[in-house]
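Novice: Contents are compact mmCIF, C-alpha atoms (C1' of nucleotides); file name query_33.txt:
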# COMPACT_ATOMS: atom_id res chain seq x y z
CA MET A 1 174.45 65.91 30.44
CA GLY A 2 171.10 64.39 31.26
CA GLU A 3 172.27 63.82 34.84
CA ILE A 4 168.96 65.14 36.01
CA TYR A 5 167.05 62.25 34.42
CA LYS A 6 169.07 59.62 36.20
CA PRO A 7 166.19 58.45 38.45
CA LEU A 8 164.10 57.82 35.36
CA PHE A 9 166.77 55.77 33.61
CA GLU A 10 167.29 53.77 36.74
CA HIS A 11 163.60 53.15 37.04
CA ILE A 12 163.36 51.97 33.46
CA ARG A 13 166.32 49.67 34.00
CA LYS A 14 164.31 47.78 36.61
CA PHE A 15 161.89 46.64 33.94
CA VAL A 16 163.67 46.59 30.57
CA SER A 17 167.23 47.09 29.42
CA LEU A 18 168.15 49.76 26.92
CA SER A 19 171.36 50.05 24.94
CA LYS A 20 173.48 53.20 25.30
CA GLU A 21 172.14 54.23 21.94
CA GLU A 22 168.52 53.75 22.93
CA GLU A 23 169.12 55.66 26.12
CA SER A 24 170.40 58.63 24.20
CA VAL A 25 167.41 58.48 21.85
CA LEU A 26 165.11 58.56 24.85
CA LEU A 27 167.11 61.42 26.33
CA SER A 28 166.52 63.48 23.20
CA TYR A 29 162.77 63.15 23.74
CA LEU A 30 162.80 64.33 27.33
CA SER A 31 162.45 67.73 28.83
CA HIS A 32 161.91 68.77 32.39
CA LYS A 33 159.98 71.25 34.43
CA LYS A 34 160.44 72.66 37.90
CA LEU A 35 157.48 73.61 40.03
CA LYS A 36 157.20 75.61 43.20
CA LYS A 37 155.18 74.51 46.20
CA LYS A 38 151.45 74.59 45.34
CA GLU A 39 152.05 75.29 41.67
CA LEU A 40 149.85 73.49 39.14
CA LEU A 41 151.42 70.98 36.76
CA LEU A 42 148.10 70.47 35.01
CA GLU A 43 145.03 72.66 35.26
CA GLN A 44 141.43 71.70 34.69
CA GLY A 45 140.41 72.62 31.15
CA GLN A 46 143.88 72.09 29.70
CA ILE A 47 144.60 69.19 27.41
CA CYS A 48 147.10 67.01 29.22
CA PRO A 49 150.22 67.42 27.07
CA GLY A 50 152.10 64.32 28.06
CA ASN A 51 153.44 61.94 30.62
CA TYR A 52 155.13 63.21 33.76
CA PHE A 53 157.73 61.33 35.75
CA ILE A 54 158.44 62.74 39.19
CA LEU A 55 162.19 63.29 39.63
CA GLU A 56 161.88 65.18 42.89
CA GLY A 57 159.04 66.23 45.16
CA CYS A 58 155.42 65.13 45.24
CA PHE A 59 152.09 65.82 43.62
CA PHE A 60 148.42 65.13 43.92
CA LEU A 61 145.80 64.80 41.22
CA PHE A 62 142.37 66.06 42.16
CA MET A 63 139.02 67.14 40.88
CA THR A 64 136.91 70.07 41.97
CA ASP A 65 133.19 69.39 42.05
CA GLU A 66 130.29 71.84 41.67
CA SER A 67 130.27 72.66 45.37
CA GLY A 68 133.95 73.57 45.19
CA THR A 69 135.34 70.72 47.28
CA GLU A 70 138.52 69.10 46.09
CA GLN A 71 138.54 65.33 45.70
CA VAL A 72 142.04 63.83 45.64
CA VAL A 73 142.09 60.90 43.23
CA GLN A 74 145.77 60.05 43.07
CA PHE A 75 149.08 61.15 44.45
CA GLY A 76 152.66 60.62 43.39
CA ILE A 77 156.16 60.85 44.80
CA GLU A 78 159.64 60.36 43.39
CA ASN A 79 159.83 57.68 40.67
CA TRP A 80 156.12 57.65 39.96
CA TRP A 81 154.44 58.64 36.75
CA ILE A 82 151.50 61.00 37.03
CA THR A 83 149.29 61.90 34.11
CA ASP A 84 145.66 62.38 33.19
CA TYR A 85 145.42 59.58 30.65
CA VAL A 86 141.77 60.35 29.92
CA SER A 87 142.63 63.78 28.64
CA MET A 88 145.90 62.72 27.03
CA ASP A 89 144.30 59.87 25.08
CA SER A 90 141.21 61.73 24.01
CA GLN A 91 142.96 65.07 23.52
CA LYS A 92 140.07 66.66 25.33
CA PRO A 93 140.21 69.20 28.17
CA SER A 94 141.09 67.61 31.46
CA LYS A 95 138.67 67.43 34.35
CA PHE A 96 141.56 67.19 36.78
CA ASN A 97 144.26 69.32 38.31
CA ILE A 98 147.72 68.17 39.29
CA ARG A 99 149.38 70.23 41.98
CA ALA A 100 152.89 70.18 43.42
CA ILE A 101 152.82 69.71 47.17
CA GLU A 102 156.45 70.66 47.62
CA HIS A 103 159.06 72.20 45.38
CA SER A 104 159.29 69.54 42.66
CA THR A 105 160.83 68.50 39.36
CA VAL A 106 159.28 66.32 36.66
CA ALA A 107 160.55 64.77 33.46
CA VAL A 108 158.16 65.40 30.58
CA LEU A 109 157.47 62.97 27.77
CA ASP A 110 155.40 64.71 25.17
CA LYS A 111 152.32 62.89 23.92
CA SER A 112 152.84 64.14 20.37
CA ARG A 113 156.27 62.56 20.12
CA GLN A 114 155.52 59.48 22.16
CA ASP A 115 154.47 57.18 19.33
CA ASP A 116 157.51 58.20 17.41
CA LEU A 117 159.74 57.40 20.38
CA PHE A 118 158.10 54.02 20.92
CA GLN A 119 158.88 53.07 17.35
CA ARG A 120 162.50 53.95 17.75
CA VAL A 121 162.77 52.30 21.18
CA PRO A 122 160.18 49.50 21.25
CA GLN A 123 161.30 48.38 24.68
CA LEU A 124 159.65 51.47 26.09
CA GLU A 125 156.29 50.24 24.94
CA ARG A 126 156.88 47.23 27.12
CA TYR A 127 158.07 49.36 30.00
CA PHE A 128 154.87 51.37 29.99
CA ARG A 129 152.74 48.27 29.60
CA VAL A 130 154.26 46.81 32.74
CA ILE A 131 154.00 50.07 34.66
CA LEU A 132 150.36 50.45 33.71
CA GLN A 133 149.59 46.87 34.61
CA ARG A 134 150.90 47.55 38.09
CA ALA A 135 149.12 50.86 38.37
CA PHE A 136 145.88 49.24 37.31
CA SER A 137 146.06 46.41 39.79
CA ALA A 138 147.10 48.76 42.58
CA THR A 139 144.03 50.85 41.86
CA LEU A 140 141.78 47.79 41.95
CA GLN A 141 143.26 46.86 45.29
CA ARG A 142 142.57 50.37 46.47
CA ILE A 143 138.90 50.00 45.56
CA GLN A 144 138.81 46.75 47.43
CA PHE A 145 140.19 48.49 50.51
CA ILE A 146 137.74 51.35 50.21
CA PHE A 147 134.82 48.97 50.31
CA SER A 148 136.04 46.51 52.88
CA MET A 149 137.64 48.76 55.50
CA THR A 150 136.40 51.54 57.71
CA GLY A 151 137.95 54.98 57.42
CA GLU A 152 140.14 54.36 60.41
CA GLU A 153 141.41 51.05 59.04
CA ARG A 154 142.22 52.66 55.72
CA TYR A 155 144.23 55.34 57.45
CA ARG A 156 146.23 52.84 59.51
CA HIS A 157 146.88 50.77 56.44
CA PHE A 158 147.91 53.74 54.35
CA ASN A 159 150.12 54.97 57.13
CA ASN A 160 151.92 51.62 57.13
CA LEU A 161 152.36 51.58 53.37
CA PHE A 162 153.53 55.16 52.96
CA PRO A 163 154.76 56.48 56.31
CA ALA A 164 157.06 58.98 54.60
CA PHE A 165 154.24 60.37 52.54
CA VAL A 166 152.00 60.87 55.54
CA GLN A 167 154.77 62.91 57.17
CA ARG A 168 155.37 65.11 54.14
CA VAL A 169 151.83 65.96 53.20
CA PRO A 170 149.10 68.14 54.75
CA GLN A 171 146.42 66.09 56.43
CA TYR A 172 143.55 67.37 54.36
CA ILE A 173 145.15 65.82 51.28
CA ILE A 174 145.52 62.45 52.99
CA ALA A 175 141.94 62.64 54.25
CA SER A 176 140.57 63.39 50.82
CA TYR A 177 142.65 60.65 49.21
CA LEU A 178 141.32 58.16 51.74
CA GLY A 179 137.77 59.33 51.21
CA PHE A 180 136.83 61.12 54.41
CA THR A 181 136.97 64.57 55.97
CA PRO A 182 139.96 66.28 57.60
CA GLU A 183 137.93 66.50 60.82
CA PHE A 184 137.52 62.78 60.87
CA LEU A 185 141.24 62.19 60.33
CA SER A 186 141.96 64.51 63.19
CA LYS A 187 139.72 62.44 65.43
CA ILE A 188 141.43 59.22 64.42
CA ARG A 189 144.82 60.67 65.23
CA ALA A 190 143.62 61.93 68.58
CA LYS A 191 142.89 58.34 69.61
CA LYS A 192 146.27 57.04 68.56
CA VAL A 193 148.35 57.62 71.72
CA MET B 194 139.25 27.68 11.86
CA GLY B 195 139.67 30.20 14.66
CA GLU B 196 136.21 31.60 13.91
CA ILE B 197 135.50 31.57 17.58
CA TYR B 198 138.19 34.19 18.27
CA LYS B 199 136.73 36.63 15.80
CA PRO B 200 135.55 39.13 18.46
CA LEU B 201 139.10 39.29 19.80
CA PHE B 202 140.66 39.95 16.41
CA GLU B 203 138.12 42.63 15.76
CA HIS B 204 138.82 44.22 19.09
CA ILE B 205 142.56 44.25 18.43
CA ARG B 206 141.96 45.79 15.02
CA LYS B 207 140.45 48.83 16.70
CA PHE B 208 143.80 49.64 18.24
CA VAL B 209 146.57 48.20 16.08
CA SER B 210 146.72 46.48 12.71
CA LEU B 211 148.18 43.04 12.33
CA SER B 212 149.26 41.35 9.10
CA LYS B 213 147.62 38.06 8.14
CA GLU B 214 150.81 36.41 9.24
CA GLU B 215 150.83 38.06 12.63
CA GLU B 216 147.20 37.15 13.10
CA SER B 217 147.97 33.52 12.55
CA VAL B 218 150.89 33.67 14.96
CA LEU B 219 148.56 35.10 17.57
CA LEU B 220 145.99 32.44 16.78
CA SER B 221 148.53 29.72 17.52
CA TYR B 222 148.97 31.14 21.02
CA LEU B 223 145.29 31.16 21.89
CA SER B 224 143.08 28.59 23.47
CA HIS B 225 139.59 28.88 24.80
CA LYS B 226 137.48 27.75 27.66
CA LYS B 227 133.74 27.38 28.15
CA LEU B 228 132.15 27.92 31.54
CA LYS B 229 128.74 27.14 32.86
CA LYS B 230 126.68 29.59 34.83
CA LYS B 231 128.30 30.20 38.25
CA GLU B 232 131.43 28.25 37.39
CA LEU B 233 134.77 29.68 38.55
CA LEU B 234 137.29 30.85 35.97
CA LEU B 235 139.82 31.60 38.68
CA GLU B 236 139.71 30.45 42.27
CA GLN B 237 141.30 32.05 45.28
CA GLY B 238 144.63 30.35 46.03
CA GLN B 239 145.35 29.52 42.40
CA ILE B 240 148.10 31.29 40.50
CA CYS B 241 146.38 33.20 37.73
CA PRO B 242 147.59 31.39 34.61
CA GLY B 243 147.04 34.08 32.04
CA ASN B 244 144.92 36.73 30.43
CA TYR B 245 141.26 36.10 29.69
CA PHE B 246 139.28 37.79 26.93
CA ILE B 247 135.53 37.39 27.17
CA LEU B 248 134.13 36.08 23.89
CA GLU B 249 130.66 35.44 25.22
CA GLY B 250 128.90 35.89 28.55
CA CYS B 251 129.91 37.84 31.61
CA PHE B 252 132.01 37.53 34.75
CA PHE B 253 132.75 39.20 38.02
CA LEU B 254 135.96 39.31 39.99
CA PHE B 255 135.51 39.30 43.75
CA MET B 256 137.21 38.75 47.05
CA THR B 257 135.90 36.93 50.08
CA ASP B 258 136.85 38.49 53.39
CA GLU B 259 137.21 36.84 56.81
CA SER B 260 133.52 37.23 57.59
CA GLY B 261 132.65 35.43 54.37
CA THR B 262 131.12 38.33 52.50
CA GLU B 263 131.93 38.68 48.82
CA GLN B 264 133.25 42.00 47.63
CA VAL B 265 132.89 42.51 43.87
CA VAL B 266 135.91 44.42 42.59
CA GLN B 267 135.44 44.25 38.84
CA PHE B 268 133.12 42.85 36.24
CA GLY B 269 133.44 42.11 32.57
CA ILE B 270 131.26 41.44 29.55
CA GLU B 271 131.93 40.57 25.91
CA ASN B 272 135.13 42.14 24.54
CA TRP B 273 136.64 42.88 27.92
CA TRP B 274 139.79 41.40 29.35
CA ILE B 275 139.58 40.07 32.88
CA THR B 276 142.60 38.89 34.83
CA ASP B 277 144.16 39.06 38.24
CA TYR B 278 147.31 40.91 37.25
CA VAL B 279 148.62 40.89 40.81
CA SER B 280 148.76 37.12 40.87
CA MET B 281 149.80 36.77 37.25
CA ASP B 282 152.72 39.19 37.58
CA SER B 283 153.96 37.93 40.90
CA GLN B 284 153.16 34.29 40.23
CA LYS B 285 151.72 34.10 43.69
CA PRO B 286 148.36 32.62 44.75
CA SER B 287 145.46 34.88 43.90
CA LYS B 288 143.35 36.56 46.53
CA PHE B 289 140.47 36.80 44.08
CA ASN B 290 137.88 34.64 42.43
CA ILE B 291 136.47 35.12 38.95
CA ARG B 292 133.03 33.65 38.39
CA ALA B 293 130.89 33.29 35.28
CA ILE B 294 127.50 34.90 35.73
CA GLU B 295 126.01 33.22 32.66
CA HIS B 296 127.14 30.48 30.37
CA SER B 297 130.33 32.02 28.97
CA THR B 298 133.36 31.55 26.73
CA VAL B 299 136.80 33.11 27.14
CA ALA B 300 139.92 33.22 25.01
CA VAL B 301 143.01 32.35 27.05
CA LEU B 302 146.43 33.88 26.54
CA ASP B 303 148.89 32.00 28.66
CA LYS B 304 151.23 34.06 30.80
CA SER B 305 154.12 31.68 30.20
CA ARG B 306 153.98 32.20 26.45
CA GLN B 307 153.03 35.86 26.50
CA ASP B 308 156.52 37.34 26.37
CA ASP B 309 157.36 35.02 23.54
CA LEU B 310 154.28 36.14 21.64
CA PHE B 311 155.01 39.80 22.22
CA GLN B 312 158.43 39.38 20.69
CA ARG B 313 156.99 37.78 17.60
CA VAL B 314 154.13 40.29 17.34
CA PRO B 315 155.37 43.52 18.92
CA GLN B 316 152.18 45.33 18.01
CA LEU B 317 150.44 43.36 20.72
CA GLU B 318 152.62 44.98 23.34
CA ARG B 319 151.20 48.26 22.17
CA TYR B 320 147.66 46.89 22.13
CA PHE B 321 147.91 45.87 25.75
CA ARG B 322 149.54 49.11 26.75
CA VAL B 323 146.62 51.04 25.31
CA ILE B 324 144.03 48.70 26.83
CA LEU B 325 145.65 48.97 30.23
CA GLN B 326 145.91 52.72 29.99
CA ARG B 327 142.16 52.86 29.46
CA ALA B 328 141.43 50.36 32.20
CA PHE B 329 143.60 52.33 34.58
CA SER B 330 141.93 55.65 33.90
CA ALA B 331 138.47 54.10 34.05
CA THR B 332 139.32 52.74 37.47
CA LEU B 333 140.54 56.13 38.66
CA GLN B 334 137.29 57.63 37.46
CA ARG B 335 135.45 54.98 39.37
CA ILE B 336 137.23 55.96 42.57
CA GLN B 337 136.32 59.53 41.93
CA PHE B 338 132.66 58.53 41.63
CA ILE B 339 132.78 56.44 44.76
CA PHE B 340 133.98 59.39 46.80
CA SER B 341 131.92 62.14 45.27
CA MET B 342 128.52 60.47 44.87
CA THR B 343 126.02 58.90 47.23
CA GLY B 344 125.05 55.27 46.74
CA GLU B 345 121.90 56.25 44.94
CA GLU B 346 123.73 58.56 42.53
CA ARG B 347 126.26 55.86 41.78
CA TYR B 348 123.51 53.43 40.93
CA ARG B 349 121.75 55.88 38.60
CA HIS B 350 125.02 56.66 36.92
CA PHE B 351 126.01 53.03 36.54
CA ASN B 352 122.58 52.23 35.22
CA ASN B 353 123.03 54.86 32.51
CA LEU B 354 126.48 53.63 31.56
CA PHE B 355 125.67 49.91 31.46
CA PRO B 356 121.91 49.42 31.18
CA ALA B 357 122.34 46.05 29.52
CA PHE B 358 124.57 44.82 32.30
CA VAL B 359 122.12 45.85 35.00
CA GLN B 360 119.44 43.80 33.24
CA ARG B 361 121.58 40.70 32.90
CA VAL B 362 123.04 40.50 36.35
CA PRO B 363 121.64 39.67 39.80
CA GLN B 364 121.19 42.74 41.93
CA TYR B 365 123.42 41.60 44.72
CA ILE B 366 126.38 41.68 42.33
CA ILE B 367 125.57 45.22 41.21
CA ALA B 368 125.11 46.29 44.82
CA SER B 369 128.45 44.86 45.85
CA TYR B 370 130.22 46.38 42.84
CA LEU B 371 128.78 49.78 43.73
CA GLY B 372 129.76 49.40 47.35
CA PHE B 373 126.51 48.96 49.22
CA THR B 374 124.11 46.23 50.33
CA PRO B 375 121.45 44.47 48.23
CA GLU B 376 118.81 45.76 50.67
CA PHE B 377 119.85 49.30 50.00
CA LEU B 378 119.69 48.79 46.23
CA SER B 379 116.25 47.39 46.64
CA LYS B 380 115.16 50.52 48.46
CA ILE B 381 116.59 52.75 45.76
CA ARG B 382 114.69 50.87 43.09
CA ALA B 383 111.48 51.05 45.09
CA LYS B 384 111.63 54.83 44.88
CA LYS B 385 112.21 54.90 41.16
CA VAL B 386 108.63 54.86 39.87
C1' DC C 387 152.72 91.48 64.60
C1' DG C 388 148.77 89.90 62.43
C1' DC C 389 146.70 87.30 58.88
C1' DG C 390 145.67 83.11 56.53
C1' DA C 391 146.21 78.26 56.21
C1' DC C 392 145.83 74.20 58.70
C1' DG C 393 144.39 71.34 62.48
C1' DT C 394 141.31 70.22 66.58
C1' DT C 395 137.16 69.41 69.19
C1' DG C 396 132.25 68.91 70.15
C1' DA C 397 127.09 68.72 69.00
C1' DT C 398 124.02 67.30 65.77
C1' DT C 399 122.48 64.94 61.62
C1' DT C 400 122.26 61.46 58.02
C1' DG C 401 123.23 57.75 54.72
C1' DC C 402 123.61 53.34 54.84
C1' DC C 403 124.17 48.91 57.48
C1' DT C 404 122.41 45.09 60.20
C1' DC C 405 119.12 41.93 61.33
C1' DA C 406 114.93 39.74 60.68
C1' DA C 407 110.80 38.32 58.45
C1' DC C 408 108.47 37.83 54.52
C1' DG C 409 107.41 37.40 48.96
C1' DA C 410 108.73 35.84 44.43
C1' DT C 411 111.00 33.18 41.25
C1' DT C 412 113.86 29.51 39.69
C1' DG C 413 115.30 24.93 39.27
C1' DT C 414 115.50 20.16 40.51
C1' DG C 415 114.20 15.43 41.81
C1' DG C 416 110.41 12.36 42.59
C1' DC D 417 104.74 18.07 35.77
C1' DC D 418 104.16 19.25 40.21
C1' DA D 419 106.17 20.10 45.03
C1' DC D 420 109.36 21.93 47.58
C1' DA D 421 113.87 23.98 48.43
C1' DA D 422 117.08 27.17 47.40
C1' DT D 423 118.10 31.54 45.71
C1' DC D 424 117.06 36.16 45.10
C1' DG D 425 114.59 40.35 46.09
C1' DT D 426 111.64 43.36 49.28
C1' DT D 427 110.30 45.83 53.39
C1' DG D 428 110.75 47.71 58.01
C1' DA D 429 112.95 48.87 62.70
C1' DG D 430 116.88 50.18 65.00
C1' DG D 431 121.80 51.44 65.14
C1' DC D 432 126.33 53.25 63.90
C1' DA D 433 130.14 55.39 61.19
C1' DA D 434 131.19 59.40 59.36
C1' DA D 435 129.48 64.01 57.52
C1' DT D 436 128.32 68.66 58.56
C1' DC D 437 128.62 72.87 60.88
C1' DA D 438 130.66 75.86 63.97
C1' DA D 439 133.99 77.60 67.15
C1' DC D 440 138.37 77.70 68.63
C1' DG D 441 143.81 76.69 68.75
C1' DT D 442 148.27 77.10 66.43
C1' DC D 443 151.79 77.74 63.51
C1' DG D 444 154.46 79.82 59.63
C1' DC D 445 155.10 83.65 56.81
C1' DG D 446 154.76 88.38 54.58
Re-express the file's structure as structure tokens.
Specialist:
Amino acid sequence: MGEIYKPLFEHIRKFVSLSKEEESVLLSYLSHKKLKKKELLLEQGQICPGNYFILEGCFFLFMTDESGTEQVVQFGIENWWITDYVSMDSQKPSKFNIRAIEHSTVAVLDKSRQDDLFQRVPQLERYFRVILQRAFSATLQRIQFIFSMTGEERYRHFNNLFPAFVQRVPQYIIASYLGFTPEFLSKIRAKKV
Amino acid sequence: MGEIYKPLFEHIRKFVSLSKEEESVLLSYLSHKKLKKKELLLEQGQICPGNYFILEGCFFLFMTDESGTEQVVQFGIENWWITDYVSMDSQKPSKFNIRAIEHSTVAVLDKSRQDDLFQRVPQLERYFRVILQRAFSATLQRIQFIFSMTGEERYRHFNNLFPAFVQRVPQYIIASYLGFTPEFLSKIRAKKV
DNA sequence: CGCGACGTTGATTTGCCTCAACGATTGTGG
DNA sequence: CCACAATCGTTGAGGCAAATCAACGTCGCG
């Protein structure tokens, strides 16, 4: 029972420790969802219903602008949380989409029951605080890279940080995440050898 | 007593409610610091000692690269927290500087006593989780703007969001925050009328 | 097999940078 | 309180990184 959530419990254990009892409370708040390749976990216009923890597979969060181009804002792989917090907090329709890149599985923590859960297992409040603190500073670092490196430097750097991800994912997603065009990425790669 | 921290208590009240007792516990963990115009709140190489809440004035967080140019990564005005979480979490020397733009005052929450405080006033854990969640999503939005707008559009947008800030702050800081040169900002403004 | 999604390559264009010289404003010491 | 320096902003010429557009290769899948 609950075997499927094991990666999540292990992840939590890295930051806080829960008693057996607390773990089973948490378990009772979780559900999960399987997605096929290219399926949407969240669609623009929907209110983001909760927090997603990636148990298997990978995702990207993107926005579609007026001209129809997709701008990738974030991505996630196993053991990452991915959520549109703007929509979840405000309970307003999301401006983003979240799409599965591969066949994937997520654990779902429903927004509506989250506060309730945090009261019963206060350690989780801390867990999320720490996670968010890291996510926030990583995102600031990313901005710093965007402004201080050329496109090519960003690609090399990203490739060093997440070699596995670069293998798994179509190039146009990487290019958009790094803030340039697929054509440009192709030209960078051509130089490599 | 503690009058000076009033803006902080009011800010906290918007997110969680503390008892009189909890408020006075919090108070006993706070100190404050006054800075003159252009003085550094945090200097590159230092380990960031804690969380700063801006009671009065404004700041910017920046990095200096090899070539000596300053890249502004974040800014903050009254009622914002500003901290290098990377350094604070890891307890390693910071890569950033935080400088006062005007004469300013901050409340200081020491990292070393923070966990202790959170145990005595668990609501604060929640407060910071919520604050960080907002900061994180604001930063993601910022990335989305960086990639989907031209420099000029970003400036117009920023000017709408924070008109007061644009008035108060030297243009070269705005330019750097928005990711272009002061010269370019100057040319945008020349067109305006 | 053939179609659609993805990647490549080249020619042209453009947004913004760099560098340099010149105002304007602020602040500081004599 | 003025003079002069430092800081900040403006303007223009030339250059480059990356976008755009278009045409063509290639691979996986129905």
Novice: Could you please determine the separation between atom CA of A:Gly68 and atom CA of B:Gln337 in Å, to one decimal place?
Specialist: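 Atom CA of A:Gly68 sits 14.6 Å away from atom CA of B:Gln337.
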Novice: Distance cut-off 8 Å, counting all atoms listed in the file - which residues of chain C neighbour chain A? Return them as a CSV table (one decimal) with C-alpha atoms (C1' of nucleotides), in the frame of the given file.
Specialist:
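Result written to part-v3.csv:
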chain,number,residue,atom,x,y,z
C,392,DC,C1',145.8,74.2,58.7
C,393,DG,C1',144.4,71.3,62.5
C,394,DT,C1',141.3,70.2,66.6
Novice: Compile the residues of chain D that lie within 10 Å of chain A, evaluated using only C-alpha atoms (C1' of nucleotides), and express the compilation as a PyMOL selection string.
Specialist: chain D and resi 433-436
Novice: When you get a sec, could you note down which chain A residues fall within 9 Å of chain B, using all atoms listed in the file, as a JSON list (two decimals) with C-alpha atoms, keeping the file's coordinate frame?
Specialist:
[["chain", "number", "residue", "atom", "x", "y", "z"],
["A", 62, "PHE", "CA", 142.37, 66.06, 42.16],
["A", 63, "MET", "CA", 139.02, 67.14, 40.88],
["A", 65, "ASP", "CA", 133.19, 69.39, 42.05],
["A", 71, "GLN", "CA", 138.54, 65.33, 45.70],
["A", 72, "VAL", "CA", 142.04, 63.83, 45.64],
["A", 73, "VAL", "CA", 142.09, 60.90, 43.23],
["A", 74, "GLN", "CA", 145.77, 60.05, 43.07],
["A", 84, "ASP", "CA", 145.66, 62.38, 33.19],
["A", 85, "TYR", "CA", 145.42, 59.58, 30.65],
["A", 86, "VAL", "CA", 141.77, 60.35, 29.92],
["A", 89, "ASP", "CA", 144.30, 59.87, 25.08],
["A", 122, "PRO", "CA", 160.18, 49.50, 21.25],
["A", 125, "GLU", "CA", 156.29, 50.24, 24.94],
["A", 126, "ARG", "CA", 156.88, 47.23, 27.12],
["A", 128, "PHE", "CA", 154.87, 51.37, 29.99],
["A", 129, "ARG", "CA", 152.74, 48.27, 29.60],
["A", 130, "VAL", "CA", 154.26, 46.81, 32.74],
["A", 132, "LEU", "CA", 150.36, 50.45, 33.71],
["A", 133, "GLN", "CA", 149.59, 46.87, 34.61],
["A", 134, "ARG", "CA", 150.90, 47.55, 38.09],
["A", 135, "ALA", "CA", 149.12, 50.86, 38.37],
["A", 136, "PHE", "CA", 145.88, 49.24, 37.31],
["A", 137, "SER", "CA", 146.06, 46.41, 39.79],
["A", 138, "ALA", "CA", 147.10, 48.76, 42.58],
["A", 139, "THR", "CA", 144.03, 50.85, 41.86],
["A", 140, "LEU", "CA", 141.78, 47.79, 41.95],
["A", 141, "GLN", "CA", 143.26, 46.86, 45.29],
["A", 142, "ARG", "CA", 142.57, 50.37, 46.47],
["A", 143, "ILE", "CA", 138.90, 50.00, 45.56],
["A", 144, "GLN", "CA", 138.81, 46.75, 47.43],
["A", 146, "ILE", "CA", 137.74, 51.35, 50.21],
["A", 147, "PHE", "CA", 134.82, 48.97, 50.31],
["A", 148, "SER", "CA", 136.04, 46.51, 52.88],
["A", 176, "SER", "CA", 140.57, 63.39, 50.82],
["A", 178, "LEU", "CA", 141.32, 58.16, 51.74],
["A", 179, "GLY", "CA", 137.77, 59.33, 51.21],
["A", 180, "PHE", "CA", 136.83, 61.12, 54.41]]
Novice: Need the axis-aligned box for stretch 392-411 of chain C with 5 Å each side, so what are the centre and edges in Å to one decimal, as JSON?
Specialist:
{"center_x": 126.6, "center_y": 53.7, "center_z": 55.7, "size_x": 48.4, "size_y": 51.0, "size_z": 38.9}
Novice: One number please: atom CA of A:His32 to atom CA of A:Ile101, in Å, one decimal.
Specialist: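 Taking atom CA of A:His32 as the start and atom CA of A:Ile101 as the end point, the length is 17.4 Å.
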Novice: Please, what distance in Å, to one decimal, runs between atom CA of A:Ile173 and atom CA of A:Lys34?
Specialist: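 Interatomic distance, atom CA of A:Ile173 to atom CA of A:Lys34: 21.4 Å.
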Novice: Please provide the set of residues having any atom within 12 Å of D:DG444, restricted to all atoms listed in the file, with same-chain residues fewer than 2 positions apart removed, written as a PyMOL selection string.
Specialist: (chain C and resi 388-392) or (chain D and resi 442+446)
Novice: If we count all atoms listed in the file and set the cut-off at 8 Å, which residues sit around stretch 102-106 of chain A, ignoring sequence neighbours fewer than 2 positions away in its own chain? Please answer as a short mmCIF file (atom, residue, chain, number, x, y, z; two decimals) with C-alpha atoms, keeping the file's coordinate frame.
Specialist:
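File written: part-v2.cif
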data_model
loop_
_atom_site.label_atom_id
_atom_site.label_comp_id
_atom_site.auth_asym_id
_atom_site.auth_seq_id
_atom_site.Cartn_x
_atom_site.Cartn_y
_atom_site.Cartn_z
CA HIS A 32 161.91 68.77 32.39
CA LYS A 33 159.98 71.25 34.43
CA LYS A 34 160.44 72.66 37.90
CA LEU A 35 157.48 73.61 40.03
CA LYS A 36 157.20 75.61 43.20
CA LYS A 37 155.18 74.51 46.20
CA LYS A 38 151.45 74.59 45.34
CA TYR A 52 155.13 63.21 33.76
CA PHE A 53 157.73 61.33 35.75
CA ILE A 54 158.44 62.74 39.19
CA LEU A 55 162.19 63.29 39.63
CA GLU A 56 161.88 65.18 42.89
CA GLY A 57 159.04 66.23 45.16
CA CYS A 58 155.42 65.13 45.24
CA PHE A 59 152.09 65.82 43.62
CA ALA A 100 152.89 70.18 43.42
CA VAL A 108 158.16 65.40 30.58
#
